[in-house]
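Everything on this sheet refers to the single structure shown next.
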Amino acid sequence: MNSKRDLVVALSFFMFGASILYSLANMQVNPGVNVVYLTNYIIPNYVCAVIFDWRAYDTLGECLVLVVAVMVSWVVFGKALYDNTYLKEIFKAPESEDYITIKGWGEFTPIIKFLAFPMSVLMVALGIVTILGGHITPGGGFQGGALIAAALILSVTAFGSNSPLWFEHKFLERLEALGALTYLLLGVAGMFIGGYYLFNFTEINGYMVFPAPKEIITAGIIPYLNIAVGLKVLAGLSTAAFLLSCEKVIIEKIEKSEEK
Amino acid sequence: MNYLPMIVVFPLIMAIIMNLLHGKEKAVKYITFITAAILIILPFISQYGYYYFGGHGVVDGWVSGIAYLYNPAKQAVIVTLSLIASLVLISGMGEKLTNNMFVTLTLMGFASVAAIVLADDIFNLYVFFEIVSIVQAGLVFLSGTEEAYKAGLRYMILGNVAASLMLLGIAFLLASTGTLNITDMKNYILVDNPMIYGGLLLLIVGLTYGAGLPPFHNVKADLYARSKGFISAMLQTYSKFVLVGLMIVILKLFNGLDYFVSAHGVLIALGVLAMVFGVVMALLQSDYKRLLAYHAISQGGYVATGLALGTPLGIVAGIFHAINHVIYKSALFLGAYIVSHKGGSNLHKLGGLLPLMPSVAFMVLCAKLAISGVPPFNGFQSKWMLAQAAMQVNMPEIAMIMIIVSIGTFVSMMKAFYLIYLKPVDEETLKEYQNKGVPKLAVFSLFVLTALCVIIGIYPDIVTNYLWDYANELGVNYCLK
């Protein structure tokens with residue numbers, strides 16, 4: 001019975017893979033709409049122009065994927081509609097050998113502690129530069145946000161909960177909501193000014209939205225969108241890392257729900 | 001000004017604000033009622049036609065940005081969706097525990113499904129498809145039992161595989177046509193390019209996952225069965241409309257092309273298999289919610305079959321059945337939620353609830369008759385149209401399978417009705433039932449849905465009139481010889 005089942009699964013996977021490979025082998029690429037993106041100049045960084053101007057609404061969707069993922073991880077760790085009896089059992093279980101926490105990893109050598117903090121400060125600085133210069137140099141909100149979150153995670157890994165770079169989880173939550181809300185509301189502002197959602201406006205009543213030298217075309221709202229995405233990504237990724245590493249907060253949350 | 005993007009953006013903004021209001025129960029409650037009212041108004045004040053995001057319309061002959069297409073058929077779907085979402089949100093407010101995450105995730109899911117239905121851009125559709133799959137897992141996690149966690153985790157793992165395959169399919173289509181806009185893509189599809197076949201295959205994988213057709217039907221049924229009643233009502237609404245949205249995209253891109261004739265066969269086979277598997281599994285269940293969950297799969301098969309026929313009548317019947325189905329199946333899940341307040345959902349332990357809540361029993365009976373396709377309820381109208389559509393393309397065997405599956409549905413539904421409401425129980429259990437209250441907001445939602453069942457059943461034209469134009473545009477008349 002079981003071997004027959006395996007055989008059927010193997011055969012169907014083989015057929016599926018073969019048909020995908022067959023269609024890949026006959027690939028004919030049509031440049032299509034890319035020509036439009038390359039011939040119409042918006043800002044120096046073309047990738048950023050595609051992501052934040054031509055297809056800004058997709059970027060909003062991708063941000064929201066991250067927002068929802070972080071919300072669902074909060075739900076998994078006890079921010080829920082019903083009392084999490086199942087979670088209580090797991091987190092109240094006594095620590096055993098295979099129960100991994102940051103404490104269980106043991107101390108690192110001094111060299112890591114010595115390097116981790118300066119390294120993470122540098123990474124934060126680089127991340128801020130990447131976010132702010134996203135519209136002229138390679139980079140953007142996603143990359144810069146991920147860099148800052150990586151700095152935070154590096155410092156937490158090296159120092160545990162005594163990390164010098166440490167944000168409260170409530171603060172991170174607000175930061176994330178702020179980023180996502182800014183993006184959404186900038187789109188609504190575009191709707192009122194230009195008539196279309198996420199319209200890239202460069203001035204309101206004669207005031208430049210983003211001041212730029214005269215010889216460069218102004219980027220409009222793109223830098224602000226970059227900042228919003230950066231805030232959101234940095235908060236989202238660090239919240240996820242925070243949730244996975246810090247079971248103290250989760251136990252506190254469960255105890256609170258028990259009191260009710 | 002055109003308020004079309006507000007259908008998607010307003011619930012997203014509200015969802016993020018709700019996320020911040022953790023612990024403030026009263027504020028959450030009032031804002032939820034206001035949001036629920038606005039959700040129903042928004043589809044009516046939007047204008048028909050194309051909507052180009054960021055003001056990037058047609059440049060050099062290509063649709064350069066992201067576009068939405070709004071027409072009466074999509075309006076009918078979105079009005080139903082927002083109605084169910086509002087009623088579920090209102091029912092959820094009857095819970096005493098903290099429920100801001102429930103509101104947040106429901107609104108997120110509503111916005112994403114509306115975006116999938118509206119989108120005229122295939123990558124935008126994929127982005128929101130991914131949000132829906134995460135939201136569904138999150139809504140199941142909210143139930144907080146070990147089984148719910150397992151079901152959600154399984155759904156997420158499979159979701160990663162299926163959604164990334166669908167992304168690969170979209171990449172195939174983008175590579176061979178050079179555009180992501182669906183209306184534009186249709187003009188540039190090369191008939192003799194095998195890459196289009198690959199793209200179609202991978203889109204169908206995404207469709208089966210999003211809609212719970214075989215081979216993903218077990219995971220989806222598990223998802224509905226493990227969550228709370230009103231959450232299941234929302235979950236099955238999502239998957240029915242994801243099915244409609246994706247199927248419309250597939251039909252729009254490929255209907256009428258030479259090789260789509262065999263793909264029709266595959267899609268119809270998936271629909272028929274879902275129909276038969278669903279009802280057979282439902283007949284075996286002894287848990288009320290599991291029974292309803294498998295019926296949701298089975299009715300999804302009806303919708304898929306109708307749409308996959310690809311004729312104008314088939315498309316109208318499919319979308320109409322999807323709308324009817326979410327109405328009566330949400331009513332049934334709300335009924336299950338009310339019953340679970342009295343004594344769980346195990347059919348063998350329940351019984352004798354008829355004298356305690358006669359009105360609820362009557363309304364649930366109406367919904368049960370609607371799902372089995374008994375006149376004058378709405379299920380009859382759409383099943384009748386589906387059978388007609390199958391006869392029109394000369395496939396009477398499909399019409400016969402539909403009728404047999406309907407009989408199976410009727411049998412299992414009546415069995416459940418007898419076991420819950422009519423079966424005699426002893427005095428002690430009755431007293432125990434009397435002490436437990438009934439969630440009033442859920443009863444209100446149930447009443448609205450049942451009234452809709454009867455109204456649409458008597459006047460089906462109020463829905464189908466909206467659907468014909470778009471169906472004539474998408475559909476291709478053919479007949480098997």
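How things are named: the first chain in the structure tokens is A, the next is B, and so on; residues count from 1 in each chain; ligands count from 1 in the order shown.
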
Practice item. Hey, list the chain B side of the contact with chain A: 7 Å cut-off, only C-alpha atoms, answer as an NGL selection string. Key: :B and (1 or 5 or 13 or 16 or 53-56 or 59-60 or 62 or 64-66 or 97-99 or 101-102 or 124 or 127-128 or 131 or 134-135 or 138 or 141-146 or 175-179 or 194-195 or 198)

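Excluding Ile458 in chain B itself and same-chain residues fewer than 4 positions from it, the residues having an atom within 8 Å of it are Pro376, Phe377, Asn378 and Val454 of chain B, counting only C-alpha atoms.
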
field: Test item: residues at most 8 Å from range 224-227 of chain A, only C-alpha atoms, excluding those fewer than 4 positions along its chain, as a PyMOL selection string
entry: chain A and resi 52+131-132+134+140-142+179+182-183+186+231

Between CA of Glu255 in chain A and CA of Glu89 in chain A lies a distance of 12.0 Å

ask   = Mind checking DSSP for range 4-221 of chain B and telling me the alpha helix (DSSP H) residues as a PyMOL selection string?
value = chain B and resi 6-20+25-41+72-92+100-118+122-141+146-177+182-188+194-211+217-221

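The environment of Ile250 in chain B within 9 Å, counting only C-alpha atoms and disregarding residues fewer than 4 places along the same chain, consists of Leu200, Leu203, Ile204, Gly245, Leu246, Phe254 and Asn255 of chain B.
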
May I have the selected residues written with all heavy atoms, as a short mmCIF file (atom, residue, chain, number, x, y, z; two decimals), in the first residue's frame?
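out.cif written:
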data_model
loop_
_atom_site.label_atom_id
_atom_site.label_comp_id
_atom_site.auth_asym_id
_atom_site.auth_seq_id
_atom_site.Cartn_x
_atom_site.Cartn_y
_atom_site.Cartn_z
N LEU B 200 0.24 28.26 -17.35
CA LEU B 200 -1.13 27.84 -17.05
C LEU B 200 -1.14 26.74 -16.00
O LEU B 200 -1.90 26.79 -15.02
CB LEU B 200 -1.80 27.34 -18.35
CG LEU B 200 -3.18 26.73 -18.21
CD1 LEU B 200 -4.14 27.74 -17.63
CD2 LEU B 200 -3.68 26.24 -19.55
N LEU B 203 -0.32 28.25 -12.64
CA LEU B 203 -1.45 29.03 -12.12
C LEU B 203 -2.52 28.10 -11.55
O LEU B 203 -3.15 28.41 -10.54
CB LEU B 203 -2.07 29.88 -13.23
CG LEU B 203 -1.46 31.23 -13.55
CD1 LEU B 203 -2.35 31.96 -14.54
CD2 LEU B 203 -1.31 32.07 -12.31
N ILE B 204 -2.71 26.94 -12.21
CA ILE B 204 -3.73 26.01 -11.72
C ILE B 204 -3.31 25.45 -10.36
O ILE B 204 -4.16 25.22 -9.49
CB ILE B 204 -4.00 24.90 -12.75
CG1 ILE B 204 -4.70 25.50 -13.97
CG2 ILE B 204 -4.87 23.80 -12.18
CD1 ILE B 204 -4.96 24.54 -15.08
N GLY B 245 -11.97 34.69 -8.25
CA GLY B 245 -11.04 35.67 -8.80
C GLY B 245 -10.00 35.04 -9.68
O GLY B 245 -9.76 35.48 -10.82
N LEU B 246 -9.37 33.93 -9.20
CA LEU B 246 -8.31 33.30 -9.99
C LEU B 246 -8.88 32.65 -11.24
O LEU B 246 -8.27 32.69 -12.30
CB LEU B 246 -7.58 32.27 -9.15
CG LEU B 246 -6.48 32.81 -8.27
CD1 LEU B 246 -5.96 31.75 -7.35
CD2 LEU B 246 -5.35 33.30 -9.14
N PHE B 254 -6.91 32.63 -21.07
CA PHE B 254 -6.74 31.45 -21.93
C PHE B 254 -8.01 31.02 -22.64
O PHE B 254 -7.93 30.23 -23.56
CB PHE B 254 -6.21 30.27 -21.12
CG PHE B 254 -4.91 30.56 -20.45
CD1 PHE B 254 -4.84 30.80 -19.10
CD2 PHE B 254 -3.75 30.60 -21.19
CE1 PHE B 254 -3.65 31.09 -18.49
CE2 PHE B 254 -2.55 30.89 -20.59
CZ PHE B 254 -2.49 31.13 -19.24
N ASN B 255 -9.19 31.49 -22.21
CA ASN B 255 -10.42 30.97 -22.81
C ASN B 255 -10.45 31.33 -24.29
O ASN B 255 -10.19 32.46 -24.67
CB ASN B 255 -11.63 31.56 -22.09
CG ASN B 255 -12.82 30.66 -22.19
OD1 ASN B 255 -12.75 29.61 -22.82
ND2 ASN B 255 -13.91 31.06 -21.59
#

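From CA of His264 in chain B back to CA of Pro215 in chain B, the distance works out to 17.5 Å.
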
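For the atom pair formed by CA of Thr464 in chain B and CA of Leu81 in chain B, the distance is 16.1 Å, given to one decimal.
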
Neighbours of Thr239 in chain A within 8 Å (only C-alpha atoms; same-chain residues fewer than 5 positions away dropped), as a PDB file with N, CA and C atoms, in the first residue's frame?
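Wrote around.pdb, looks like this:
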ATOM      1  N   VAL A  70       4.252  39.269  10.914  1.00  0.00           N
ATOM      2  CA  VAL A  70       4.614  39.599  12.298  1.00  0.00           C
ATOM      3  C   VAL A  70       3.391  39.505  13.209  1.00  0.00           C
ATOM      4  N   HIS A 169       9.432  45.807  23.037  1.00  0.00           N
ATOM      5  CA  HIS A 169       8.623  45.228  21.969  1.00  0.00           C
ATOM      6  C   HIS A 169       7.422  46.096  21.630  1.00  0.00           C
ATOM      7  N   LEU A 172       8.653  48.673  19.189  1.00  0.00           N
ATOM      8  CA  LEU A 172       8.830  48.107  17.852  1.00  0.00           C
ATOM      9  C   LEU A 172       7.483  47.950  17.151  1.00  0.00           C
ATOM     10  N   GLU A 173       6.479  47.515  17.928  1.00  0.00           N
ATOM     11  CA  GLU A 173       5.153  47.323  17.352  1.00  0.00           C
ATOM     12  C   GLU A 173       4.609  48.640  16.804  1.00  0.00           C
TER      13      GLU A 173
END

Excluding range 274-284 of chain B and any residue of its chain fewer than 2 positions from it, enumerate the residues within 8 Å of it, using only C-alpha atoms, and give them as number ranges by chain. B: 213-214, 217, 270-272, 286, 290-302, 402, 405, 408-409, 412

Produce a file of the selected residues containing N, CA, C and O atoms, as a CSV table (one decimal), in the first residue's frame.
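Saved as selection38.csv:
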chain,number,residue,atom,x,y,z
B,213,LEU,N,-9.3,22.9,-3.8
B,213,LEU,CA,-9.7,21.8,-4.7
B,213,LEU,C,-8.7,20.7,-4.5
B,213,LEU,O,-7.6,20.9,-3.9
B,214,PRO,N,-9.0,19.4,-4.9
B,214,PRO,CA,-8.0,18.4,-4.7
B,214,PRO,C,-6.7,18.8,-5.5
B,214,PRO,O,-6.9,19.4,-6.5
B,217,HIS,N,-7.6,19.5,-0.7
B,217,HIS,CA,-8.9,19.7,-0.1
B,217,HIS,C,-8.8,19.3,1.4
B,217,HIS,O,-9.5,19.9,2.2
B,270,LEU,N,-11.0,18.6,-11.8
B,270,LEU,CA,-10.7,19.0,-10.4
B,270,LEU,C,-12.0,19.4,-9.7
B,270,LEU,O,-12.2,19.0,-8.5
B,271,GLY,N,-12.9,20.1,-10.4
B,271,GLY,CA,-14.2,20.5,-9.8
B,271,GLY,C,-15.0,19.3,-9.4
B,271,GLY,O,-15.5,19.2,-8.3
B,272,VAL,N,-15.1,18.3,-10.3
B,272,VAL,CA,-16.0,17.2,-10.1
B,272,VAL,C,-15.4,16.3,-8.9
B,272,VAL,O,-16.1,15.9,-8.0
B,286,SER,N,-18.6,12.5,12.1
B,286,SER,CA,-19.5,12.6,13.2
B,286,SER,C,-19.3,13.9,14.0
B,286,SER,O,-19.9,14.1,15.0
B,290,ARG,N,-16.7,19.5,11.1
B,290,ARG,CA,-16.0,18.8,10.1
B,290,ARG,C,-17.0,18.5,8.9
B,290,ARG,O,-16.6,18.6,7.8
B,291,LEU,N,-18.2,18.1,9.3
B,291,LEU,CA,-19.2,17.8,8.2
B,291,LEU,C,-19.4,19.1,7.4
B,291,LEU,O,-19.3,19.0,6.1
B,292,LEU,N,-19.6,20.2,8.0
B,292,LEU,CA,-19.8,21.5,7.3
B,292,LEU,C,-18.5,21.8,6.4
B,292,LEU,O,-18.6,22.3,5.3
B,293,ALA,N,-17.4,21.5,7.0
B,293,ALA,CA,-16.1,21.8,6.3
B,293,ALA,C,-16.0,21.1,5.0
B,293,ALA,O,-15.7,21.6,4.0
B,294,TYR,N,-16.3,19.8,5.1
B,294,TYR,CA,-16.3,19.0,3.8
B,294,TYR,C,-17.3,19.4,2.8
B,294,TYR,O,-17.1,19.3,1.6
B,295,HIS,N,-18.5,19.9,3.3
B,295,HIS,CA,-19.5,20.4,2.4
B,295,HIS,C,-19.0,21.6,1.7
B,295,HIS,O,-19.3,21.9,0.6
B,296,ALA,N,-18.2,22.5,2.5
B,296,ALA,CA,-17.7,23.7,1.8
B,296,ALA,C,-16.8,23.3,0.6
B,296,ALA,O,-16.8,23.9,-0.4
B,297,ILE,N,-16.0,22.2,0.8
B,297,ILE,CA,-15.1,21.7,-0.3
B,297,ILE,C,-16.0,21.3,-1.4
B,297,ILE,O,-15.7,21.6,-2.6
B,298,SER,N,-17.1,20.5,-1.1
B,298,SER,CA,-17.9,20.0,-2.2
B,298,SER,C,-18.6,21.1,-3.0
B,298,SER,O,-18.6,21.0,-4.2
B,299,GLN,N,-19.1,22.1,-2.2
B,299,GLN,CA,-19.7,23.2,-3.0
B,299,GLN,C,-18.7,24.0,-3.8
B,299,GLN,O,-19.0,24.5,-4.8
B,300,GLY,N,-17.5,24.1,-3.3
B,300,GLY,CA,-16.4,24.7,-4.0
B,300,GLY,C,-16.2,24.0,-5.4
B,300,GLY,O,-16.0,24.6,-6.4
B,301,GLY,N,-16.4,22.7,-5.3
B,301,GLY,CA,-16.3,21.9,-6.6
B,301,GLY,C,-17.4,22.3,-7.6
B,301,GLY,O,-17.1,22.5,-8.8
B,302,TYR,N,-18.6,22.6,-7.1
B,302,TYR,CA,-19.7,23.1,-8.0
B,302,TYR,C,-19.2,24.4,-8.6
B,302,TYR,O,-19.4,24.5,-9.9
B,402,MET,N,-23.9,16.2,-10.4
B,402,MET,CA,-24.3,17.3,-9.5
B,402,MET,C,-25.5,17.0,-8.7
B,402,MET,O,-25.6,17.2,-7.5
B,405,VAL,N,-24.7,14.4,-6.0
B,405,VAL,CA,-24.0,15.0,-4.9
B,405,VAL,C,-25.0,15.8,-4.1
B,405,VAL,O,-24.9,15.9,-2.8
B,408,GLY,N,-26.7,13.5,-1.8
B,408,GLY,CA,-25.8,13.2,-0.6
B,408,GLY,C,-25.7,14.4,0.4
B,408,GLY,O,-25.8,14.1,1.6
B,409,THR,N,-25.7,15.6,-0.1
B,409,THR,CA,-25.7,16.8,0.8
B,409,THR,C,-26.9,16.8,1.6
B,409,THR,O,-26.9,17.0,2.8
B,412,SER,N,-26.8,14.1,4.4
B,412,SER,CA,-26.0,14.3,5.6
B,412,SER,C,-26.5,15.5,6.3
B,412,SER,O,-26.4,15.6,7.6

Closest of B:Lys29, B:Lys24, B:Ile40, B:Phe444 to Met6 in chain B, counting only C-alpha atoms, is B:Ile40
